[in-house]
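Colleague: Right, I'll just put the structure down here and ask away after.
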Amino acid sequence: MKGRLIYLIGPSGSGKDSLLDAVRETAAEHGCRVARRVITRSAEARGEAAESISADEFARREAQGDFAMSWYANGLSYGIPRQVDDWLAAGDDVLVNGSRGYLPEARRRYPHLLAVLLSVDDAVLRHRLHARGRESAEEIEARLARNAGFADTLLAGENDDLCHLDNSGSLSETCQRLLRLIEEHRPHPLPDSA
Ligand SMILES: Nc1ncnc2c1ncn2[C@@H]1O[C@H](COP(=O)(O)OP(=O)(O)OP(=O)(O)O)[C@@H](O)[C@H]1O
Ligand SMILES: O=P(O)(O)OC[C@H]1O[C@H](OP(=O)(O)O)[C@H](O)[C@@H]1O
């Protein structure tokens with residue numbers, strides 16, 4: 001694969017979808033595409049940029065190999081269309097909204113991936129989840145509780161190359177920093193004589 005997978009992770013509500021939407025056009029100018037997720041979430045759920053399908057349809061697509069990556073979390077199934085492998089093979093970078101839980105498997109499949117951990121202050125996170133209004137209060141508490149389980153594992157051994165990006169401030173500022181970060185971590189091509 002010639003392109004690079006940029007695997008954006010972070011707590012639910014940290015702003016991954018907002019950030020990917022906001023950088024989509026500028027990223028394309030830099031040869032970087034943004035993947036659209038497939039989720040077993042109802043299409044009525046607010047703030048949804050992903051494709052919503054039923055659990056049966058998800059299982060059917062997964063069985064026929066439609067997903068480059070897939071995972072289960074928060075009571076939902078998530079898939080990244082296999083089209084991303086074509087984009088990577090063509091030399092494009094690809095940005096995905098990933099899962100912290102799936103990171104070890106993503107690393108096995110894409111050893112050169114760039115993992116970016118988006119974070120926000122705890123109080124801001126809780127406020128943004130409630131303001132978004134997509135989940136019930138109970139579901140929001142379950143998502144906040146899920147974060148505690150990742151606090152240690154994400155700082156452990158094989159994750160010392162994780163790039164940290166704070167989204168407690170304005171989204172436009174975070175966009176600029178993400179684009180800079182992608183540029184800074186671009187691998188240098190080998191000289192012709194190498
Ligand atoms: N920098 C920001 N400033 C203010 N509000 C923001 C910022 N970034 C995101 N938000 C808002 O925070 C809420 C959560 O953002 P978003 O849905 O993008 O998070 P997410 O990480 O994709 O969450 P999930 O993993 O649950 O889908 C949204 O209502 C969004 O508009
Ligand atoms: O908690 P972890 O494993 O990082 O992520 C699990 C999944 O949940 C979130 O999606 P959403 O909040 O349902 O849109 C993430 O984007 C991810 O896909």
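Please note that chains go A, B, ... in the order of the structure tokens, that every chain numbers its residues from 1, and that ligands are numbered from 1 in the order shown.
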Sort by chain and increasing residue number a table of all residues of stretch 92-127 of chain A within 10 Å of stretch 53-73 of chain A, each with its closest pair of atoms and their distance in Å to one decimal, counting only C-alpha atoms, and write it as a tab-separated table.
Modeller:
residue	atom	partner	partner_atom	distance
A:Gly98	CA	A:Met69	CA	9.2
A:Ser99	CA	A:Trp71	CA	7.8
A:Arg100	CA	A:Ala73	CA	9.9
A:Gly101	CA	A:Ala73	CA	8.2
A:Tyr102	CA	A:Trp71	CA	6.6
A:Glu105	CA	A:Met69	CA	8.8
A:Ala106	CA	A:Met69	CA	7.5
A:Arg109	CA	A:Met69	CA	8.8
Colleague: Tell me, counting only C-alpha atoms and all ligand atoms, for each residue of chain A within 10 Å of ligand 2, which pair of atoms is nearest and how far apart they are in Å to one decimal, in rows ordered by chain and increasing number, as a tab-separated table.
Modeller:
residue	atom	partner	partner_atom_place_in_ligand_line	distance
A:Leu8	CA	ligand 2	16 (O)	8.5
A:Ile9	CA	ligand 2	4 (O)	5.8
A:Gly10	CA	ligand 2	4 (O)	5.6
A:Pro11	CA	ligand 2	4 (O)	5.8
A:Ser12	CA	ligand 2	12 (O)	4.5
A:Gly13	CA	ligand 2	12 (O)	6.7
A:Ser14	CA	ligand 2	12 (O)	9.3
A:Gly15	CA	ligand 2	16 (O)	9.2
A:Lys16	CA	ligand 2	16 (O)	6.9
A:Asp17	CA	ligand 2	14 (O)	7.6
A:Arg37	CA	ligand 2	18 (O)	8.3
A:Val38	CA	ligand 2	18 (O)	9.7
A:Ile39	CA	ligand 2	13 (O)	7.8
A:Thr40	CA	ligand 2	13 (O)	9.2
A:Arg41	CA	ligand 2	13 (O)	7.9
A:Gly47	CA	ligand 2	14 (O)	9.2
A:Glu48	CA	ligand 2	14 (O)	7.9
A:Ala49	CA	ligand 2	14 (O)	9.2
A:Ala50	CA	ligand 2	14 (O)	8.6
A:Ser70	CA	ligand 2	18 (O)	9.0
A:Trp71	CA	ligand 2	18 (O)	7.7
A:Tyr72	CA	ligand 2	6 (C)	7.3
A:Ala73	CA	ligand 2	6 (C)	4.9
A:Asn74	CA	ligand 2	8 (O)	6.1
A:Gly75	CA	ligand 2	13 (O)	8.5
A:Leu76	CA	ligand 2	13 (O)	6.9
A:Ser77	CA	ligand 2	18 (O)	8.4
A:Tyr78	CA	ligand 2	18 (O)	6.1
A:Gly79	CA	ligand 2	18 (O)	8.5
A:Ile80	CA	ligand 2	18 (O)	9.6
A:Val96	CA	ligand 2	16 (O)	9.2
A:Asn97	CA	ligand 2	16 (O)	5.5
A:Gly98	CA	ligand 2	18 (O)	5.1
A:Ser99	CA	ligand 2	4 (O)	3.6
A:Arg100	CA	ligand 2	4 (O)	3.5
A:Gly101	CA	ligand 2	3 (O)	4.0
A:Tyr102	CA	ligand 2	3 (O)	6.3
A:Leu103	CA	ligand 2	3 (O)	8.2
A:Leu117	CA	ligand 2	4 (O)	9.6
A:Leu129	CA	ligand 2	12 (O)	9.6
A:Arg134	CA	ligand 2	12 (O)	9.3
A:Glu135	CA	ligand 2	12 (O)	9.1
A:Ile140	CA	ligand 2	12 (O)	9.6
A:Arg143	CA	ligand 2	1 (O)	7.3
A:Leu144	CA	ligand 2	1 (O)	9.2
A:Ala145	CA	ligand 2	1 (O)	9.9
A:Arg146	CA	ligand 2	1 (O)	6.5
A:Asn147	CA	ligand 2	1 (O)	6.9
A:Gly149	CA	ligand 2	1 (O)	9.4
A:Phe150	CA	ligand 2	4 (O)	8.1
Colleague: Where does stretch 101-141 of chain A meet stretch 153-171 of chain A within 9 Å, residue by residue, with the nearest atom pair and distance in Å to one decimal for each, counting only C-alpha atoms, listed by chain and rising number, as CSV?
Modeller:
residue,atom,partner,partner_atom,distance
A:Pro104,CA,A:Glu158,CA,8.7
A:Leu114,CA,A:Leu162,CA,7.5
A:Ala115,CA,A:Leu162,CA,5.3
A:Val116,CA,A:Cys163,CA,4.7
A:Leu117,CA,A:His164,CA,5.0
A:Leu118,CA,A:Leu165,CA,4.8
A:Ser119,CA,A:Asp166,CA,5.0
A:Val120,CA,A:Ser168,CA,4.7
A:Asp121,CA,A:Ser168,CA,6.2
A:Val124,CA,A:Ser168,CA,7.0
A:Leu125,CA,A:Ser168,CA,8.4
Colleague: Tell me, which residues of stretch 50-183 of chain A carry DSSP strand (DSSP E or B), written as a PyMOL selection string?
Modeller: chain A and resi 51-52+67-73+76-81+93-97+114-119+163-166
Colleague: Could you turn the residues from that selection into a file that holds C-alpha atoms, as a PDB file, in the first residue's frame?
Modeller:
ATOM      1  CA  GLU A  51     -24.389   5.480   6.253  1.00  0.00           C
ATOM      2  CA  SER A  52     -27.052   3.904   8.494  1.00  0.00           C
ATOM      3  CA  PHE A  67     -15.383  -3.779   5.031  1.00  0.00           C
ATOM      4  CA  ALA A  68     -11.673  -3.076   5.321  1.00  0.00           C
ATOM      5  CA  MET A  69     -12.190  -2.777   9.094  1.00  0.00           C
ATOM      6  CA  SER A  70     -15.156  -3.344  11.377  1.00  0.00           C
ATOM      7  CA  TRP A  71     -15.830  -3.338  15.112  1.00  0.00           C
ATOM      8  CA  TYR A  72     -18.597  -3.414  17.679  1.00  0.00           C
ATOM      9  CA  ALA A  73     -18.901  -0.763  20.413  1.00  0.00           C
ATOM     10  CA  LEU A  76     -23.506  -0.631  17.509  1.00  0.00           C
ATOM     11  CA  SER A  77     -21.559  -2.179  14.619  1.00  0.00           C
ATOM     12  CA  TYR A  78     -19.185   0.044  12.657  1.00  0.00           C
ATOM     13  CA  GLY A  79     -17.631  -0.640   9.250  1.00  0.00           C
ATOM     14  CA  ILE A  80     -15.068   1.159   7.099  1.00  0.00           C
ATOM     15  CA  PRO A  81     -15.755   0.370   3.421  1.00  0.00           C
ATOM     16  CA  ASP A  93      -3.800   9.060   2.352  1.00  0.00           C
ATOM     17  CA  VAL A  94      -7.066   8.132   4.073  1.00  0.00           C
ATOM     18  CA  LEU A  95      -8.525   9.646   7.242  1.00  0.00           C
ATOM     19  CA  VAL A  96     -10.909   7.445   9.237  1.00  0.00           C
ATOM     20  CA  ASN A  97     -12.956   7.881  12.392  1.00  0.00           C
ATOM     21  CA  LEU A 114      -0.642   7.345  11.879  1.00  0.00           C
ATOM     22  CA  ALA A 115      -2.768   7.237  15.047  1.00  0.00           C
ATOM     23  CA  VAL A 116      -4.138  10.586  16.224  1.00  0.00           C
ATOM     24  CA  LEU A 117      -5.823  10.823  19.629  1.00  0.00           C
ATOM     25  CA  LEU A 118      -8.338  13.663  19.884  1.00  0.00           C
ATOM     26  CA  SER A 119      -9.190  14.810  23.387  1.00  0.00           C
ATOM     27  CA  CYS A 163      -0.105  11.935  18.170  1.00  0.00           C
ATOM     28  CA  HIS A 164      -2.137  14.000  20.634  1.00  0.00           C
ATOM     29  CA  LEU A 165      -4.551  16.658  19.444  1.00  0.00           C
ATOM     30  CA  ASP A 166      -6.647  18.768  21.816  1.00  0.00           C
TER      31      ASP A 166
END
Colleague: Tell me which of A:Gln83, A:His130, A:Glu138, A:Ala151 sits closest to ligand 1, counting only C-alpha atoms and all ligand atoms.
Modeller: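 Closest residue, counting only C-alpha atoms and all ligand atoms: A:His130.
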Colleague: From the list A:Ala123, A:Ile182, A:Ala89, A:Val84, which residue is nearest A:His30 when using only C-alpha atoms?
Modeller: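 For A:His30, the nearest of the given residues is A:Ile182.
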Colleague: Here is a test: counting only C-alpha atoms and all ligand atoms, which residue of A:Glu173, A:Asp85, A:Asp152, A:Glu184 is nearest to ligand 1?
Modeller: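 Under the stated criterion, the closest residue is A:Glu173.
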Colleague: Between atom 14 (C, counted along the ligand's line) of ligand 1 and atom CA of A:Leu20, what is the distance in Å, rounded to a tenth?
Modeller: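 Separation of atom 14 (C, counted along the ligand's line) of ligand 1 and atom CA of A:Leu20: 11.7 Å.
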Colleague: Rounded to one decimal in Å, what is the spacing between atom 26 (O, counted along the ligand's line) of ligand 1 and atom CA of A:Glu139?
Modeller: 10.6 Å
Colleague: One number please: atom 5 (N, counted along the ligand's line) of ligand 1 to atom CA of A:Thr174, in Å, one decimal.
Modeller: 10.9 Å
Colleague: Considering only C-alpha atoms and all ligand atoms, state which residue in the set A:Arg108, A:Glu29, A:Ala142, A:Leu19 is at the smallest distance from ligand 1.
Modeller: A:Leu19
Colleague: Taking only C-alpha atoms into account, which of A:Asp122, A:Glu141, A:Val34, A:Ala22 comes nearest A:Trp87?
Modeller: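 Closest residue, counting only C-alpha atoms: A:Val34.
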Colleague: Find the residue from A:Arg33, A:Glu25, A:Pro187, A:Ser18 that sits nearest to ligand 1; use only C-alpha atoms and all ligand atoms when measuring.
Modeller: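 Nearest candidate to ligand 1 out of A:Arg33, A:Glu25, A:Pro187, A:Ser18: A:Ser18.
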